[in-house]
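Text of the file input-v5.pdb, holding PDB, C-alpha atoms and all ligand atoms:
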ATOM      1  CA  MET Y   1     -67.821 -94.776 -42.665
ATOM      2  CA  ARG Y   2     -64.852 -92.653 -43.708
ATOM      3  CA  GLY Y   3     -64.770 -88.839 -43.709
ATOM      4  CA  LEU Y   4     -63.411 -88.567 -47.269
ATOM      5  CA  SER Y   5     -62.667 -90.948 -50.141
ATOM      6  CA  ARG Y   6     -60.980 -90.369 -53.456
ATOM      7  CA  ALA Y   7     -60.693 -92.560 -56.524
ATOM      8  CA  SER Y   8     -59.469 -92.170 -60.086
ATOM      9  CA  ALA Y   9     -59.946 -94.038 -63.359
ATOM     10  CA  PRO Y  10     -58.265 -93.774 -66.773
ATOM     11  CA  ALA Y  11     -59.446 -92.666 -70.215
ATOM     12  CA  LYS Y  12     -59.369 -95.089 -73.131
ATOM     13  CA  VAL Y  13     -58.792 -95.423 -76.852
ATOM     14  CA  ILE Y  14     -60.710 -98.050 -78.757
ATOM     15  CA  LEU Y  15     -58.191 -99.603 -81.143
ATOM     16  CA  PHE Y  16     -60.722-101.912 -82.831
ATOM     17  CA  GLY Y  17     -64.441-102.568 -82.803
ATOM     18  CA  GLU Y  18     -66.383 -99.472 -81.682
ATOM     19  CA  HIS Y  19     -70.057 -99.635 -82.669
ATOM     20  CA  PHE Y  20     -69.696-103.300 -83.676
ATOM     21  CA  VAL Y  21     -69.191-104.077 -79.975
ATOM     22  CA  VAL Y  22     -72.720-102.771 -79.311
ATOM     23  CA  TYR Y  23     -73.893-105.775 -81.409
ATOM     24  CA  ASP Y  24     -71.748-108.241 -79.462
ATOM     25  CA  LYS Y  25     -68.694-108.169 -81.745
ATOM     26  CA  LEU Y  26     -65.145-108.054 -80.340
ATOM     27  CA  ALA Y  27     -63.434-104.768 -79.412
ATOM     28  CA  VAL Y  28     -59.803-104.133 -78.493
ATOM     29  CA  VAL Y  29     -59.207-101.200 -76.210
ATOM     30  CA  MET Y  30     -56.334 -99.589 -74.318
ATOM     31  CA  ALA Y  31     -56.418 -97.450 -71.167
ATOM     32  CA  VAL Y  32     -54.439 -94.230 -71.554
ATOM     33  CA  ASP Y  33     -52.681 -92.087 -68.996
ATOM     34  CA  LEU Y  34     -55.255 -89.344 -68.522
ATOM     35  CA  ARG Y  35     -57.387 -89.800 -65.410
ATOM     36  CA  ALA Y  36     -60.691 -88.646 -63.963
ATOM     37  CA  HIS Y  37     -60.484 -87.977 -60.201
ATOM     38  CA  VAL Y  38     -63.528 -88.071 -57.939
ATOM     39  CA  SER Y  39     -63.683 -87.215 -54.247
ATOM     40  CA  VAL Y  40     -66.647 -87.934 -52.003
ATOM     41  CA  LYS Y  41     -67.583 -86.720 -48.504
ATOM     42  CA  PRO Y  42     -70.651 -87.540 -46.422
ATOM     43  CA  ARG Y  43     -73.143 -84.729 -45.675
ATOM     44  CA  MET Y  44     -75.271 -84.154 -42.607
ATOM     45  CA  ASP Y  45     -78.467 -83.702 -44.667
ATOM     46  CA  ASN Y  46     -79.554 -86.181 -47.354
ATOM     47  CA  LYS Y  47     -78.768 -84.191 -50.484
ATOM     48  CA  ILE Y  48     -76.353 -85.401 -53.123
ATOM     49  CA  ILE Y  49     -74.396 -82.393 -54.377
ATOM     50  CA  VAL Y  50     -72.434 -83.090 -57.563
ATOM     51  CA  GLU Y  51     -69.774 -80.686 -58.820
ATOM     52  CA  SER Y  52     -67.750 -80.944 -62.025
ATOM     53  CA  ILE Y  53     -64.786 -78.586 -61.785
ATOM     54  CA  GLY Y  54     -63.817 -78.916 -65.476
ATOM     55  CA  MET Y  55     -67.337 -78.263 -66.769
ATOM     56  CA  GLY Y  56     -68.056 -75.467 -64.270
ATOM     57  CA  LEU Y  57     -71.253 -77.204 -63.123
ATOM     58  CA  GLN Y  58     -72.762 -77.910 -59.744
ATOM     59  CA  GLY Y  59     -76.185 -79.290 -58.913
ATOM     60  CA  GLU Y  60     -78.178 -80.766 -56.085
ATOM     61  CA  PHE Y  61     -80.181 -84.004 -56.142
ATOM     62  CA  THR Y  62     -82.564 -85.200 -53.479
ATOM     63  CA  LEU Y  63     -82.197 -88.896 -52.651
ATOM     64  CA  ASP Y  64     -85.189 -89.601 -54.889
ATOM     65  CA  GLY Y  65     -83.604 -87.783 -57.809
ATOM     66  CA  VAL Y  66     -85.176 -84.303 -57.944
ATOM     67  CA  TYR Y  67     -82.629 -81.906 -59.453
ATOM     68  CA  LYS Y  68     -81.866 -78.261 -58.710
ATOM     69  CA  PRO Y  69     -78.980 -76.413 -60.414
ATOM     70  CA  ILE Y  70     -76.476 -74.535 -58.237
ATOM     71  CA  ILE Y  71     -73.892 -73.454 -60.845
ATOM     72  CA  GLY Y  72     -74.687 -73.600 -64.600
ATOM     73  CA  GLU Y  73     -78.237 -73.730 -65.883
ATOM     74  CA  PHE Y  74     -78.081 -76.759 -68.201
ATOM     75  CA  GLY Y  75     -75.946 -79.218 -66.265
ATOM     76  CA  GLU Y  76     -78.525 -81.839 -65.361
ATOM     77  CA  ASP Y  77     -77.761 -84.231 -68.262
ATOM     78  CA  LYS Y  78     -74.067 -84.207 -67.363
ATOM     79  CA  LEU Y  79     -74.495 -84.506 -63.598
ATOM     80  CA  ARG Y  80     -77.387 -86.992 -63.343
ATOM     81  CA  PRO Y  81     -75.365 -90.115 -64.357
ATOM     82  CA  ILE Y  82     -72.891 -89.305 -61.546
ATOM     83  CA  TYR Y  83     -75.771 -89.056 -59.076
ATOM     84  CA  VAL Y  84     -77.146 -92.373 -60.409
ATOM     85  CA  ALA Y  85     -73.754 -94.083 -59.971
ATOM     86  CA  ALA Y  86     -73.491 -92.848 -56.367
ATOM     87  CA  LYS Y  87     -77.113 -93.727 -55.582
ATOM     88  CA  ARG Y  88     -76.700 -97.311 -56.798
ATOM     89  CA  VAL Y  89     -73.797 -97.814 -54.402
ATOM     90  CA  LEU Y  90     -75.754 -96.237 -51.524
ATOM     91  CA  ASP Y  91     -78.729 -98.511 -52.296
ATOM     92  CA  LEU Y  92     -76.489-101.581 -52.397
ATOM     93  CA  ALA Y  93     -75.127-100.644 -48.973
ATOM     94  CA  GLY Y  94     -78.636 -99.887 -47.649
ATOM     95  CA  GLU Y  95     -77.528 -96.321 -46.768
ATOM     96  CA  SER Y  96     -79.493 -93.127 -47.291
ATOM     97  CA  ILE Y  97     -76.973 -90.402 -46.464
ATOM     98  CA  GLY Y  98     -76.144 -87.202 -48.357
ATOM     99  CA  LEU Y  99     -72.889 -86.792 -50.258
ATOM    100  CA  ASN Y 100     -70.671 -84.082 -51.711
ATOM    101  CA  ILE Y 101     -69.164 -85.442 -54.946
ATOM    102  CA  THR Y 102     -66.433 -83.477 -56.719
ATOM    103  CA  VAL Y 103     -65.191 -84.477 -60.172
ATOM    104  CA  ASP Y 104     -61.859 -83.242 -61.457
ATOM    105  CA  SER Y 105     -61.117 -84.837 -64.820
ATOM    106  CA  ARG Y 106     -58.198 -84.311 -67.214
ATOM    107  CA  ILE Y 107     -60.026 -86.237 -69.962
ATOM    108  CA  PRO Y 108     -61.488 -84.130 -72.813
ATOM    109  CA  VAL Y 109     -65.293 -84.501 -72.778
ATOM    110  CA  ALA Y 110     -67.476 -85.766 -75.650
ATOM    111  CA  SER Y 111     -64.409 -86.674 -77.688
ATOM    112  CA  GLY Y 112     -64.422 -90.472 -77.712
ATOM    113  CA  LEU Y 113     -61.883 -90.961 -74.933
ATOM    114  CA  GLY Y 114     -64.342 -92.355 -72.415
ATOM    115  CA  SER Y 115     -64.527 -89.399 -70.028
ATOM    116  CA  SER Y 116     -68.062 -90.170 -68.810
ATOM    117  CA  ALA Y 117     -67.324 -93.838 -68.130
ATOM    118  CA  ALA Y 118     -64.086 -92.963 -66.301
ATOM    119  CA  VAL Y 119     -66.027 -90.530 -64.082
ATOM    120  CA  LEU Y 120     -68.729 -93.149 -63.354
ATOM    121  CA  VAL Y 121     -66.143 -95.812 -62.512
ATOM    122  CA  ALA Y 122     -64.213 -93.439 -60.209
ATOM    123  CA  THR Y 123     -67.477 -92.269 -58.553
ATOM    124  CA  THR Y 124     -68.599 -95.859 -57.916
ATOM    125  CA  ALA Y 125     -65.211 -96.757 -56.409
ATOM    126  CA  ALA Y 126     -65.030 -93.584 -54.281
ATOM    127  CA  VAL Y 127     -68.525 -94.019 -52.805
ATOM    128  CA  GLY Y 128     -67.844 -97.739 -52.194
ATOM    129  CA  SER Y 129     -64.627 -96.847 -50.381
ATOM    130  CA  LEU Y 130     -66.364 -94.101 -48.334
ATOM    131  CA  LEU Y 131     -68.856 -96.729 -47.124
ATOM    132  CA  GLU Y 132     -66.007 -99.257 -46.557
ATOM    133  CA  MET Y 133     -67.727-101.790 -48.823
ATOM    134  CA  ASN Y 134     -64.657-103.491 -50.328
ATOM    135  CA  LEU Y 135     -66.131-103.483 -53.834
ATOM    136  CA  CYS Y 136     -64.088-105.665 -56.184
ATOM    137  CA  ARG Y 137     -63.365-104.579 -59.758
ATOM    138  CA  ASP Y 138     -66.156-106.767 -61.148
ATOM    139  CA  ASP Y 139     -68.647-105.021 -58.806
ATOM    140  CA  ILE Y 140     -67.381-101.573 -59.822
ATOM    141  CA  PHE Y 141     -67.642-102.439 -63.525
ATOM    142  CA  ARG Y 142     -71.186-103.792 -63.164
ATOM    143  CA  LEU Y 143     -72.433-100.807 -61.137
ATOM    144  CA  ALA Y 144     -70.808 -98.212 -63.446
ATOM    145  CA  LEU Y 145     -72.304 -99.953 -66.490
ATOM    146  CA  GLU Y 146     -75.767 -99.696 -64.910
ATOM    147  CA  ALA Y 147     -75.250 -95.936 -64.462
ATOM    148  CA  GLU Y 148     -73.946 -95.587 -68.050
ATOM    149  CA  LYS Y 149     -77.272 -96.909 -69.318
ATOM    150  CA  ILE Y 150     -78.870 -93.551 -68.656
ATOM    151  CA  ILE Y 151     -76.358 -91.858 -71.024
ATOM    152  CA  HIS Y 152     -76.379 -94.224 -74.033
ATOM    153  CA  GLU Y 153     -79.114 -96.130 -75.764
ATOM    154  CA  LYS Y 154     -77.513 -99.523 -75.178
ATOM    155  CA  PRO Y 155     -73.902 -99.258 -74.040
ATOM    156  CA  SER Y 156     -71.782-102.301 -74.764
ATOM    157  CA  GLY Y 157     -69.857-101.903 -71.498
ATOM    158  CA  VAL Y 158     -66.501-101.480 -73.229
ATOM    159  CA  ASP Y 159     -65.891 -97.997 -71.757
ATOM    160  CA  PRO Y 160     -66.516 -98.813 -68.073
ATOM    161  CA  ALA Y 161     -64.632-102.126 -68.573
ATOM    162  CA  ILE Y 162     -61.379-100.502 -69.675
ATOM    163  CA  SER Y 163     -61.627 -97.702 -67.089
ATOM    164  CA  THR Y 164     -62.075-100.344 -64.401
ATOM    165  CA  TYR Y 165     -59.460-102.908 -65.442
ATOM    166  CA  GLY Y 166     -56.884-100.681 -67.220
ATOM    167  CA  GLY Y 167     -54.115-101.966 -69.517
ATOM    168  CA  LEU Y 168     -55.048-103.490 -72.841
ATOM    169  CA  ILE Y 169     -58.146-105.666 -73.161
ATOM    170  CA  ALA Y 170     -60.288-107.513 -75.658
ATOM    171  CA  TYR Y 171     -63.953-107.167 -74.769
ATOM    172  CA  SER Y 172     -67.323-108.358 -75.956
ATOM    173  CA  ARG Y 173     -70.751-108.175 -74.342
ATOM    174  CA  SER Y 174     -71.132-111.927 -74.059
ATOM    175  CA  GLY Y 175     -67.444-112.821 -73.596
ATOM    176  CA  GLY Y 176     -66.576-110.085 -71.048
ATOM    177  CA  VAL Y 177     -63.026-108.894 -70.416
ATOM    178  CA  MET Y 178     -59.849-110.633 -71.589
ATOM    179  CA  MET Y 179     -56.564-108.970 -70.557
ATOM    180  CA  LEU Y 180     -54.001-108.802 -73.402
ATOM    181  CA  GLU Y 181     -50.208-108.710 -73.255
ATOM    182  CA  ALA Y 182     -48.616-106.802 -76.141
ATOM    183  CA  ALA Y 183     -45.283-108.132 -77.398
ATOM    184  CA  ALA Y 184     -44.277-104.562 -78.355
ATOM    185  CA  ASN Y 185     -45.174-101.045 -77.221
ATOM    186  CA  LEU Y 186     -48.023 -99.563 -79.246
ATOM    187  CA  PRO Y 187     -46.936 -95.958 -79.933
ATOM    188  CA  LEU Y 188     -50.144 -94.001 -80.473
ATOM    189  CA  VAL Y 189     -50.970 -90.445 -81.441
ATOM    190  CA  ILE Y 190     -54.500 -89.213 -80.767
ATOM    191  CA  GLY Y 191     -55.932 -86.333 -82.798
ATOM    192  CA  ASP Y 192     -58.972 -84.452 -81.516
ATOM    193  CA  THR Y 193     -61.132 -82.850 -84.231
ATOM    194  CA  ARG Y 194     -62.442 -80.557 -81.422
ATOM    195  CA  ILE Y 195     -65.951 -81.338 -82.679
ATOM    196  CA  LYS Y 196     -68.048 -82.488 -79.714
ATOM    197  CA  ARG Y 197     -70.417 -85.298 -80.525
ATOM    198  CA  ASP Y 198     -73.089 -87.262 -78.812
ATOM    199  CA  THR Y 199     -72.519 -91.003 -78.490
ATOM    200  CA  ARG Y 200     -76.235 -91.663 -78.073
ATOM    201  CA  GLU Y 201     -76.959 -89.949 -81.390
ATOM    202  CA  MET Y 202     -74.186 -91.827 -83.236
ATOM    203  CA  ILE Y 203     -75.404 -95.198 -81.911
ATOM    204  CA  HIS Y 204     -78.910 -94.287 -82.999
ATOM    205  CA  ARG Y 205     -77.695 -93.309 -86.472
ATOM    206  CA  VAL Y 206     -75.925 -96.664 -86.887
ATOM    207  CA  SER Y 207     -78.957 -98.611 -85.705
ATOM    208  CA  GLU Y 208     -81.191 -96.786 -88.214
ATOM    209  CA  LEU Y 209     -78.871 -97.615 -91.114
ATOM    210  CA  ARG Y 210     -78.682-101.214 -89.886
ATOM    211  CA  ARG Y 211     -82.474-101.402 -89.866
ATOM    212  CA  LEU Y 212     -82.527-100.301 -93.529
ATOM    213  CA  TYR Y 213     -79.704-102.588 -94.723
ATOM    214  CA  PRO Y 214     -79.612-105.586 -92.381
ATOM    215  CA  GLU Y 215     -77.766-107.938 -94.736
ATOM    216  CA  ILE Y 216     -75.043-105.454 -95.600
ATOM    217  CA  PHE Y 217     -74.645-104.630 -91.929
ATOM    218  CA  LYS Y 218     -74.249-108.264 -91.030
ATOM    219  CA  GLY Y 219     -71.355-108.521 -93.488
ATOM    220  CA  LEU Y 220     -69.727-105.336 -92.183
ATOM    221  CA  MET Y 221     -70.098-106.392 -88.557
ATOM    222  CA  ASP Y 222     -68.734-109.878 -89.155
ATOM    223  CA  ALA Y 223     -65.764-108.289 -90.974
ATOM    224  CA  GLY Y 224     -65.257-105.928 -87.992
ATOM    225  CA  ASP Y 225     -65.213-108.882 -85.624
ATOM    226  CA  ARG Y 226     -62.677-110.732 -87.795
ATOM    227  CA  VAL Y 227     -60.461-107.615 -87.952
ATOM    228  CA  ALA Y 228     -60.508-107.353 -84.129
ATOM    229  CA  ARG Y 229     -59.627-111.051 -83.757
ATOM    230  CA  LEU Y 230     -56.675-110.709 -86.165
ATOM    231  CA  ALA Y 231     -55.635-107.585 -84.249
ATOM    232  CA  VAL Y 232     -55.449-109.613 -81.016
ATOM    233  CA  GLU Y 233     -53.021-112.004 -82.782
ATOM    234  CA  ALA Y 234     -50.971-109.077 -84.165
ATOM    235  CA  ILE Y 235     -50.783-107.479 -80.683
ATOM    236  CA  ARG Y 236     -49.586-110.747 -79.155
ATOM    237  CA  ALA Y 237     -46.977-111.072 -81.923
ATOM    238  CA  GLY Y 238     -45.916-107.387 -81.674
ATOM    239  CA  ASP Y 239     -46.619-106.964 -85.402
ATOM    240  CA  LEU Y 240     -47.122-103.181 -85.715
ATOM    241  CA  ARG Y 241     -47.351-103.209 -89.509
ATOM    242  CA  ALA Y 242     -50.227-105.706 -89.491
ATOM    243  CA  LEU Y 243     -51.934-103.683 -86.760
ATOM    244  CA  GLY Y 244     -51.647-100.559 -88.905
ATOM    245  CA  HIS Y 245     -53.269-102.326 -91.877
ATOM    246  CA  LEU Y 246     -56.046-103.644 -89.655
ATOM    247  CA  MET Y 247     -56.703-100.149 -88.239
ATOM    248  CA  ASN Y 248     -57.118 -98.792 -91.767
ATOM    249  CA  ILE Y 249     -59.512-101.621 -92.635
ATOM    250  CA  ASN Y 250     -61.458-101.030 -89.408
ATOM    251  CA  HIS Y 251     -61.739 -97.348 -90.296
ATOM    252  CA  ALA Y 252     -63.104 -98.216 -93.736
ATOM    253  CA  LEU Y 253     -65.841-100.252 -92.026
ATOM    254  CA  LEU Y 254     -66.643 -97.327 -89.702
ATOM    255  CA  TYR Y 255     -66.802 -95.056 -92.736
ATOM    256  CA  ALA Y 256     -69.233 -97.510 -94.322
ATOM    257  CA  ILE Y 257     -71.576 -97.389 -91.320
ATOM    258  CA  GLY Y 258     -71.696 -93.598 -91.579
ATOM    259  CA  VAL Y 259     -69.768 -92.330 -88.544
ATOM    260  CA  SER Y 260     -66.925 -90.470 -90.285
ATOM    261  CA  ASN Y 261     -66.982 -86.883 -91.566
ATOM    262  CA  THR Y 262     -64.651 -84.446 -93.327
ATOM    263  CA  ALA Y 263     -62.917 -83.253 -90.130
ATOM    264  CA  ILE Y 264     -62.107 -86.857 -89.206
ATOM    265  CA  GLU Y 265     -60.932 -87.740 -92.724
ATOM    266  CA  SER Y 266     -58.619 -84.679 -92.834
ATOM    267  CA  LEU Y 267     -56.890 -85.676 -89.592
ATOM    268  CA  LEU Y 268     -56.648 -89.326 -90.658
ATOM    269  CA  TRP Y 269     -55.021 -88.487 -93.945
ATOM    270  CA  ALA Y 270     -52.672 -85.961 -92.320
ATOM    271  CA  ALA Y 271     -51.553 -88.712 -89.921
ATOM    272  CA  ARG Y 272     -51.151 -91.274 -92.693
ATOM    273  CA  ARG Y 273     -49.191 -88.856 -94.906
ATOM    274  CA  ALA Y 274     -46.898 -88.112 -91.955
ATOM    275  CA  GLY Y 275     -46.015 -91.809 -91.707
ATOM    276  CA  ALA Y 276     -48.697 -93.404 -89.500
ATOM    277  CA  LEU Y 277     -48.806 -97.187 -89.913
ATOM    278  CA  GLY Y 278     -52.595 -96.979 -89.687
ATOM    279  CA  ALA Y 279     -55.250 -94.582 -88.437
ATOM    280  CA  LYS Y 280     -58.938 -94.699 -87.579
ATOM    281  CA  ILE Y 281     -61.754 -93.094 -85.653
ATOM    282  CA  THR Y 282     -61.642 -93.918 -81.972
ATOM    283  CA  GLY Y 283     -64.970 -93.924 -80.124
ATOM    284  CA  ALA Y 284     -68.358 -93.116 -81.554
ATOM    285  CA  GLY Y 285     -67.190 -90.856 -84.447
ATOM    286  CA  GLY Y 286     -69.141 -87.906 -85.865
ATOM    287  CA  GLY Y 287     -66.341 -85.710 -84.445
ATOM    288  CA  GLY Y 288     -64.233 -86.539 -81.409
ATOM    289  CA  CYS Y 289     -60.880 -88.228 -81.905
ATOM    290  CA  ILE Y 290     -58.846 -90.306 -84.302
ATOM    291  CA  VAL Y 291     -56.050 -92.620 -83.239
ATOM    292  CA  ALA Y 292     -52.922 -93.278 -85.299
ATOM    293  CA  LEU Y 293     -50.374 -96.051 -84.787
ATOM    294  CA  SER Y 294     -46.818 -94.960 -85.381
ATOM    295  CA  MET Y 295     -43.241 -96.147 -85.218
ATOM    296  CA  PRO Y 296     -41.767 -94.629 -82.013
ATOM    297  CA  GLU Y 297     -39.562 -92.201 -83.968
ATOM    298  CA  ASP Y 298     -42.509 -90.803 -86.008
ATOM    299  CA  ARG Y 299     -44.832 -89.786 -83.185
ATOM    300  CA  ARG Y 300     -43.783 -86.116 -83.023
ATOM    301  CA  ARG Y 301     -44.044 -85.718 -86.814
ATOM    302  CA  ILE Y 302     -47.546 -87.219 -86.844
ATOM    303  CA  ALA Y 303     -48.599 -85.012 -83.902
ATOM    304  CA  GLU Y 304     -47.349 -81.938 -85.761
ATOM    305  CA  ALA Y 305     -49.228 -82.939 -88.949
ATOM    306  CA  ILE Y 306     -52.440 -83.263 -86.902
ATOM    307  CA  ARG Y 307     -51.847 -79.840 -85.351
ATOM    308  CA  VAL Y 308     -51.300 -78.027 -88.667
ATOM    309  CA  THR Y 309     -54.464 -79.670 -90.026
ATOM    310  CA  GLY Y 310     -56.485 -78.038 -87.238
ATOM    311  CA  GLY Y 311     -56.657 -80.930 -84.766
ATOM    312  CA  GLU Y 312     -55.404 -81.153 -81.211
ATOM    313  CA  PRO Y 313     -52.694 -83.833 -80.973
ATOM    314  CA  LEU Y 314     -52.111 -85.900 -77.881
ATOM    315  CA  ILE Y 315     -49.315 -88.416 -77.441
ATOM    316  CA  ALA Y 316     -50.861 -91.139 -75.329
ATOM    317  CA  ASP Y 317     -49.229 -93.927 -73.379
ATOM    318  CA  ILE Y 318     -50.825 -96.977 -71.855
ATOM    319  CA  ALA Y 319     -52.229 -96.750 -68.304
ATOM    320  CA  HIS Y 320     -51.553-100.166 -66.796
ATOM    321  CA  GLU Y 321     -53.641 -99.387 -63.758
ATOM    322  CA  GLY Y 322     -57.421 -99.144 -64.019
ATOM    323  CA  VAL Y 323     -59.576 -97.759 -61.237
ATOM    324  CA  ARG Y 324     -57.608 -96.893 -58.099
ATOM    325  CA  ILE Y 325     -58.478 -95.674 -54.611
ATOM    326  CA  GLU Y 326     -56.312 -92.629 -53.896
ATOM    327  CA  GLU Y 327     -55.187 -92.651 -50.258
TER
HETATM  328  C1  LIG A 401     -68.115 -95.514 -77.380
HETATM  329  O1  LIG A 401     -66.878 -95.261 -76.736
HETATM  330  C2  LIG A 401     -68.089 -96.850 -78.032
HETATM  331  C3  LIG A 401     -69.391 -97.273 -78.713
HETATM  332  O2  LIG A 401     -69.123 -98.558 -79.287
HETATM  333  C4  LIG A 401     -70.551 -97.349 -77.740
HETATM  334  C5  LIG A 401     -70.454 -98.528 -76.771
HETATM  335  O3  LIG A 401     -69.731 -99.471 -77.017
HETATM  336  O4  LIG A 401     -71.162 -98.460 -75.734
HETATM  337  C6  LIG A 401     -69.767 -96.324 -79.854
END

Any chance you could put this one into structure tokens?
Ligand code: MEV
Amino acid sequence: MRGLSRASAPAKVILFGEHFVVYDKLAVVMAVDLRAHVSVKPRMDNKIIVESIGMGLQGEFTLDGVYKPIIGEFGEDKLRPIYVAAKRVLDLAGESIGLNITVDSRIPVASGLGSSAAVLVATTAAVGSLLEMNLCRDDIFRLALEAEKIIHEKPSGVDPAISTYGGLIAYSRSGGVMMLEAAANLPLVIGDTRIKRDTREMIHRVSELRRLYPEIFKGLMDAGDRVARLAVEAIRAGDLRALGHLMNINHALLYAIGVSNTAIESLLWAARRAGALGAKITGAGGGGCIVALSMPEDRRRIAEAIRVTGGEPLIADIAHEGVRIEE
């Protein structure tokens, strides 16, 4: 066993297919260059102490999961998935040691950029490396997805997949991960509404509406899948204009399933008026972020339009590398 291990994993933007991917439709997703860092050390006792520097939270778990806060009263919901991720790796290795886990993430939380999945992927990799287990990326993805199940109702796996593999991927539940090569750079501008939202609640809202209108939902979901498949072709051909159109169509479908709101629409229209080729929600919606596709020369103008409309702009570039052990 090592004395210390560190790992990091990237954030993501979903370019096509959020929500529909929960129902086994295709999603297209890109890793972006903001990373969550996790370091892990063994402890002499058998407590698992989890600390999130960014959230100002620290808590203690016994090996059988009993929680006690150390810093911050209401941190259990945020810290428990990290404990679960670590515990699954310990169980797989047949170890029952204590750990100090420290999370230092640059990814905005609850904003649709995959911060929780990136933390779970980095935690899984760091604990695996501490125990010298040689986990491969498929193992890390599978274990992190198991831990994500305690956050969401029924996660599709798209978030831990992109944080694990990095780059640009097409993903579906039944088809798994397909790495994509883009024939052109995809210049993106992200706009954060600064409204925190809960993915679990948004997934629940969509499933309720689907229960009421199953036929309409089938049509919308099949259209979403078709849009994502055409987007894969446009990415391979480097056709930014087609991608922009497809993003606008995808957003209209997300609007139809009830996950947009006025803050999101304001940022979208600000981006479009400033010259975006297309713009849509990215992630679960209800707040969080939008993503706009731009010509390279228009990125600053679009970012400024998002800022004056009250959003927080972020110019994001692709992260080719997924999860990584930091030596
Ligand atoms: C969240 O980033 C994406 C959703 O489609 C949920 C999921 O796929 O697990 C809303």

Given the file shown, determine the residues that the PyMOL selection byres (((not hetatm)) within 10 of (chain A and resi 401)) selects; report them as JSON, numbers by chain.
-> {"Y": [12, 13, 14, 16, 17, 18, 19, 20, 21, 22, 23, 24, 25, 27, 29, 110, 111, 112, 113, 114, 115, 116, 117, 145, 148, 149, 151, 152, 153, 154, 155, 156, 157, 158, 159, 160, 171, 172, 173, 198, 199, 200, 201, 202, 203, 204, 206, 259, 282, 283, 284, 285]}

Residues within 9 Å of (-59.3, -82.2, -87.0), file coords, only C-alpha atoms, listed as JSON, numbers by chain = {"Y": [191, 192, 193, 194, 195, 262, 263, 264, 265, 266, 267, 268, 287, 288, 289, 290, 306, 307, 309, 310, 311, 312]}

Take the selection from the previous step and output its residues with C-alpha atoms, as a PDB file, in the frame of the given file.
ATOM      1  CA  GLY Y 191     -55.932 -86.333 -82.798  1.00  0.00           C
ATOM      2  CA  ASP Y 192     -58.972 -84.452 -81.516  1.00  0.00           C
ATOM      3  CA  THR Y 193     -61.132 -82.850 -84.231  1.00  0.00           C
ATOM      4  CA  ARG Y 194     -62.442 -80.557 -81.422  1.00  0.00           C
ATOM      5  CA  ILE Y 195     -65.951 -81.338 -82.679  1.00  0.00           C
ATOM      6  CA  THR Y 262     -64.651 -84.446 -93.327  1.00  0.00           C
ATOM      7  CA  ALA Y 263     -62.917 -83.253 -90.130  1.00  0.00           C
ATOM      8  CA  ILE Y 264     -62.107 -86.857 -89.206  1.00  0.00           C
ATOM      9  CA  GLU Y 265     -60.932 -87.740 -92.724  1.00  0.00           C
ATOM     10  CA  SER Y 266     -58.619 -84.679 -92.834  1.00  0.00           C
ATOM     11  CA  LEU Y 267     -56.890 -85.676 -89.592  1.00  0.00           C
ATOM     12  CA  LEU Y 268     -56.648 -89.326 -90.658  1.00  0.00           C
ATOM     13  CA  GLY Y 287     -66.341 -85.710 -84.445  1.00  0.00           C
ATOM     14  CA  GLY Y 288     -64.233 -86.539 -81.409  1.00  0.00           C
ATOM     15  CA  CYS Y 289     -60.880 -88.228 -81.905  1.00  0.00           C
ATOM     16  CA  ILE Y 290     -58.846 -90.306 -84.302  1.00  0.00           C
ATOM     17  CA  ILE Y 306     -52.440 -83.263 -86.902  1.00  0.00           C
ATOM     18  CA  ARG Y 307     -51.847 -79.840 -85.351  1.00  0.00           C
ATOM     19  CA  THR Y 309     -54.464 -79.670 -90.026  1.00  0.00           C
ATOM     20  CA  GLY Y 310     -56.485 -78.038 -87.238  1.00  0.00           C
ATOM     21  CA  GLY Y 311     -56.657 -80.930 -84.766  1.00  0.00           C
ATOM     22  CA  GLU Y 312     -55.404 -81.153 -81.211  1.00  0.00           C
TER      23      GLU Y 312
END

Got a sec to resolve the PyMOL selection byres (((chain Y and resi 249) around 12) and not hetatm) on this structure and send the residues as a PyMOL selection string?
-> chain Y and resi 15-17+220+223-228+230-231+242-248+250-256+277-281

What does the PyMOL selection byres (((chain Y and resi 62-76) around 8) and not hetatm) select in this file, as number ranges by chain?
-> Y: 46-48, 56-61, 77-80, 87, 96, 98

Determine, counting only C-alpha atoms, which protein, DNA and RNA residues have an atom within 9 Å of an atom of Arg229 (chain Y); residues of the same chain fewer than 6 positions away are not included. Present the result as an NGL selection string.
-> :Y and (26-28 or 170)

Of the listed residues Y:Gly219, Y:Val308, Y:Met30, Y:Ile140, that which approaches Leu180 (chain Y) most closely, counting all atoms listed in the file |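 Checking each of Y:Gly219, Y:Val308, Y:Met30, Y:Ile140 against Leu180 (chain Y), counting all atoms listed in the file, the winner is Y:Met30.
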
Hey, can you check how far CA of Asp239 (chain Y) sits from CA of Glu181 (chain Y)?
->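 If I compute the distance from CA of Asp239 (chain Y) to CA of Glu181 (chain Y), I get 12.8 Å.
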
Can you pull out every residue within 6 Å of Val189 (chain Y), counting all atoms listed in the file, but drop anything in the same chain fewer than 6 positions away, and send it as a ChimeraX atom specification?
-> /Y:291-292,314-315

CA of Arg2 (chain Y) and CA of Val121 (chain Y), how far apart in Å?
->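 Computed distance, CA of Val121 (chain Y) to CA of Arg2 (chain Y), equals 19.1 Å.
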
So how far away is CA of Arg197 (chain Y) from CA of Ala303 (chain Y), in Å?
->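 Distance reported for this atom pair: 22.1 Å.
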
Which residues come within 10 Å of region 39-42 of chain Y, counting all atoms listed in the file, excluding same-chain residues fewer than 4 positions away, as number ranges by chain?
-> Y: 1-8, 46-50, 86, 97-104, 122-123, 125-131, 325-326

Residue with smallest distance to Ile302 (chain Y) - pool Y:Ala270, Y:Ile318, Y:Gly286, Y:Gly176, counting all atoms listed in the file =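 Smallest distance to Ile302 (chain Y) is found for Y:Ala270.
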